[in-house]
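Trainee: Got a structure for you, questions after.
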2 protein chains.
Amino acid sequence: MKAIASFIPVYYQLAEDLKQQIESGTLKPGDIVLSESQLGIEYGISRMTVRRGLALLLESGLIETVRGKGNFVAKPRLQQATLTFKEDALVNGEKAEFKFVEVKRVPVEGEIAAMLNIPEGTKVFAIRRLIRSDKNPVGIDIKYIPYLKGKPILENEIEYAYFPDIVARHTDVMINKIERRIMATSLQSAEAELLKTGTDHPALCVIQVIYAKDGKPLGVSKTIYRGEAFELRTVSFPYSGI
Amino acid sequence: MKAIASFIPVYYQLAEDLKQQIESGTLKPGDIVLSESQLGIEYGISRMTVRRGLALLLESGLIETVRGKGNFVAKPRLQQATLTFKEDALVNGEKAEFKFVEVKRVPVEGEIAAMLNIPEGTKVFAIRRLIRSDKNPVGIDIKYIPYLKGKPILENEIEYAYFPDIVARHTDVMINKIERRIMATSLQSAEAELLKTGTDHPALCVIQVIYAKDGKPLGVSKTIYRGEAFELRTVSFPYSGI
DNA sequence: GAGTGGTCTAGACCACCGC
DNA sequence: CGGTGGTCTAGACCACTCT
């Protein structure tokens with residue numbers, strides 16, 4: 001019943017306490033944490049509250065719990081990074097602008113047809129945009145969408161909306177998964193021309209495929225950036241939350 | 001008290017139930033969910049158990065809760081992807097091999113010195129590796145580490161260990177953050193030679209900087225892959241867990 | 001069997017929201 | 001004011017692990 005001490009929840013204080021002990025090295029990876037009932041006694045709080053605090057540490061990956069044995073300090077893991085795909089991303093400090101180029105129905109070929117899992121030659125909507133930073137073209141973007149239901153596509157929406165949002169608004173099925181591939185390529189002549197640079201210029205290529213729950217692809221987008229004008233950034237932390 | 005019905009926890013069943021209602025469209029984004037006490041009555045379970053189920057939905061981003069008002073079905077968000085940096089990543093289907101090249105102390109210059117936040121010319125450890133797939137060189141990798149404490153670096157460890165792990169093992173301070181930048185560049189002549197390809201070949205470049213809690217950089221690594229031989233992949237889901 | 005975590009209850013008080 | 005979520009309790013029973 002030491003709840004009086006402060007305004008922040010007791011379970012949170014417990015979590016911070018233990019986190020501190022772990023980060024300072026008092027508790028080292030592999031060490032066992034005091035049992036839940038013990039912690040309850042030490043802190044003068046009920047076991048449910050203790051569990052709630054431990055749940056925070058568990059979520060953030062600071063501890064691991066083993067049934068029938070106890071809670072153990074975990075080893076830090078850092079192999080996962082979070083990549084945020086903001087389309088109005090900064091391009092080397094400058095905010096990118098999107099300029100609608102065209103939308104038309106075109107027959108799909110090769111790689112795109114394969115990714116959409118439809119026969120070559122099938123007509124799909126193709127939406128092109130130009131990405132500019134400080135008036136200079138830095139990238140181009142093509143989205144291929146096989147089916148469009150409901151509302152018509154608005155130019156405005158094409159310029160500003162995030163691809164999954166566009167797909168979500170124009171289809172009945174729920175988006176289940178988005179896969180992205182990030183690779184380095186060379187600019188093809190047509191692309192180089194649009195970007196006002198030479199052929200074979202290095203380029204960063206991001207391909208997104210959006211899938212429905214049944215595994216059917218709902219759309220593919222391919223974005224190409226001039227190499228020296230764009231980079232993706234990620235950050236990861238050893239422990240996620242708290 | 002309908003717990004008898006099955007082996008899976010009641011709170012989990014509740015979460016699955018609501019999730020189902022959301023995915024099927026019975027509950028649409030923005031809709032309010034039955035109040036916690038109402039749900040408790042409907043399902044014949046205590047409010048704490050209801051809250052536990054709702055916590056699952058909250059974590060996965062399926063609902064948002066507003067104090068004093070209620071729980072609401074959330075709008076799907078898809079802008080965050082998880083990038084897993086596995087160094088033994090597959091390179092176009094083939095598993096990558098790492099071959100130790102050399103470790104030596106070199107003076108740092110320019111960009112690397114700036115990222116490590118130390119004066120140009122300061123000597124640091126530079127560890128080089130060659131990345132091969134199916135016997136062919138596909139990438140090179142240089143790690144720069146200013147300080148090494150404790151155990152000596154083993155060749156074996158250099159070939160197989162993950163960069164943050166190496167840093168963690170050879171420093172006393174805790175890793176606090178890893179920043180990564182992903183960009184497309186051209187191969188420099190020295191790099192092109194090692195990778196047995198032409199200069200100006202497109203390349204994917206990944207730069208990692210590892211920071212301590214006080215913001216001091218603990219190491220920098222720069223990995224360059226032949227463009228056509230490597231790509232990064234990410235997946236994101238509209239809702240994270242459950 | 002003693003100790004651990006996993007689940008669950010039936011209350012309680014509080015802070016917040018809207019009327 | 002009544003309804004909502006946020007916190008917390010003091011029990012309980014279970015499944016699991018180790019000895």
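We label chains A, B, ... in the order they appear in the structure tokens, count residues from 1 in each chain, and number ligands from 1 in the order shown.
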Give me, as an MDAnalysis selection string, the contact residues of chain D against chain B at a cut-off of 9 Å, counting only C-alpha atoms (C1' of nucleotides).
Mentor: chainID D and resid 3:6
Trainee: Using DSSP assignments from the backbone, pull out every residue in segment 14-72 of chain B that falls under strand (DSSP E) and give it to me as a ChimeraX atom specification.
Mentor: /B:63-66,70-72
Trainee: Include C-alpha atoms and write out the residues we just selected as a PDB file, in the first residue's frame.
Mentor:
ATOM      1  CA  ILE B  63      -8.667  -0.719 -30.682  1.00  0.00           C
ATOM      2  CA  GLU B  64      -7.915   2.606 -29.067  1.00  0.00           C
ATOM      3  CA  THR B  65      -9.134   3.414 -25.626  1.00  0.00           C
ATOM      4  CA  VAL B  66     -10.236   6.790 -24.362  1.00  0.00           C
ATOM      5  CA  GLY B  70     -14.755   3.905 -23.992  1.00  0.00           C
ATOM      6  CA  ASN B  71     -12.872   1.625 -26.330  1.00  0.00           C
ATOM      7  CA  PHE B  72     -13.075   2.324 -30.039  1.00  0.00           C
TER       8      PHE B  72
END
Trainee: Any idea which chain B residues end up within 6 Å of chain A if we count only C-alpha atoms, as a list in words please?
Mentor: Gln79, Gln80, Ala81, Thr82, Leu83, Thr84, Phe85, Lys177, Ile178, Glu179, Arg180, Arg181, Ile182, Met183, Ala184, Thr185, Pro202, Ala203, Leu204, Gly227, Glu231, Leu232, Arg233, Thr234, Val235, Ser236 and Phe237 of chain B
Trainee: Could you turn the residues from that selection into a file that holds C-alpha atoms, as a PDB file, in the first residue's frame?
Mentor:
ATOM      1  CA  GLN B  79       3.330   2.723 -42.308  1.00  0.00           C
ATOM      2  CA  GLN B  80       5.714   0.845 -40.092  1.00  0.00           C
ATOM      3  CA  ALA B  81       7.580  -2.153 -41.322  1.00  0.00           C
ATOM      4  CA  THR B  82       9.927  -4.419 -39.484  1.00  0.00           C
ATOM      5  CA  LEU B  83      13.271  -4.893 -41.069  1.00  0.00           C
ATOM      6  CA  THR B  84      15.209  -7.820 -39.751  1.00  0.00           C
ATOM      7  CA  PHE B  85      18.925  -7.444 -40.101  1.00  0.00           C
ATOM      8  CA  LYS B 177      20.596   2.749 -30.015  1.00  0.00           C
ATOM      9  CA  ILE B 178      21.459   1.620 -33.517  1.00  0.00           C
ATOM     10  CA  GLU B 179      20.885   3.849 -36.494  1.00  0.00           C
ATOM     11  CA  ARG B 180      20.991   2.534 -40.013  1.00  0.00           C
ATOM     12  CA  ARG B 181      21.014   4.274 -43.343  1.00  0.00           C
ATOM     13  CA  ILE B 182      20.239   2.450 -46.547  1.00  0.00           C
ATOM     14  CA  MET B 183      21.224   3.995 -49.849  1.00  0.00           C
ATOM     15  CA  ALA B 184      22.205   3.292 -53.416  1.00  0.00           C
ATOM     16  CA  THR B 185      25.707   4.215 -54.512  1.00  0.00           C
ATOM     17  CA  PRO B 202      25.129  -0.013 -58.712  1.00  0.00           C
ATOM     18  CA  ALA B 203      25.490  -1.003 -55.075  1.00  0.00           C
ATOM     19  CA  LEU B 204      23.332  -1.124 -51.992  1.00  0.00           C
ATOM     20  CA  GLY B 227      23.112  -4.243 -56.564  1.00  0.00           C
ATOM     21  CA  GLU B 231      18.017  -6.923 -51.564  1.00  0.00           C
ATOM     22  CA  LEU B 232      16.449  -6.143 -48.216  1.00  0.00           C
ATOM     23  CA  ARG B 233      12.953  -7.277 -47.443  1.00  0.00           C
ATOM     24  CA  THR B 234      10.373  -6.066 -44.973  1.00  0.00           C
ATOM     25  CA  VAL B 235       6.886  -7.124 -44.048  1.00  0.00           C
ATOM     26  CA  SER B 236       4.229  -5.202 -42.254  1.00  0.00           C
ATOM     27  CA  PHE B 237       0.828  -6.180 -41.056  1.00  0.00           C
TER      28      PHE B 237
END
Trainee: Using only C-alpha atoms (C1' of nucleotides), I'd like every residue of chain B that has an atom within 12 Å of chain C; please write them out as a list of chain:residue names.
Mentor: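 Using only C-alpha atoms (C1' of nucleotides), chain B residues at most 12 Å from chain C: B:Met1, B:Lys2, B:Ala3, B:Phe7, B:Ile8, B:Pro9, B:Val10, B:Tyr11, B:Tyr12, B:Gly40, B:Gly44, B:Ile45, B:Ser46, B:Arg47, B:Met48, B:Thr49, B:Val50, B:Arg51, B:Arg52, B:Val66, B:Arg67, B:Gly68, B:Lys69, B:Gly70.
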Trainee: Pick out each residue of segment 7-237 of chain A that DSSP on the backbone tags as alpha helix (DSSP H); I need them as a PyMOL selection string.
Mentor: chain A and resi 10-24+36-43+47-59+110-116+155-160+163-169+189-194
Trainee: Quick one: distance from atom CA of Glu97 of chain A to atom CA of Pro152 of chain A in Å, one decimal?
Mentor: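 Going from atom CA of Glu97 of chain A over to atom CA of Pro152 of chain A, I get 22.9 Å.
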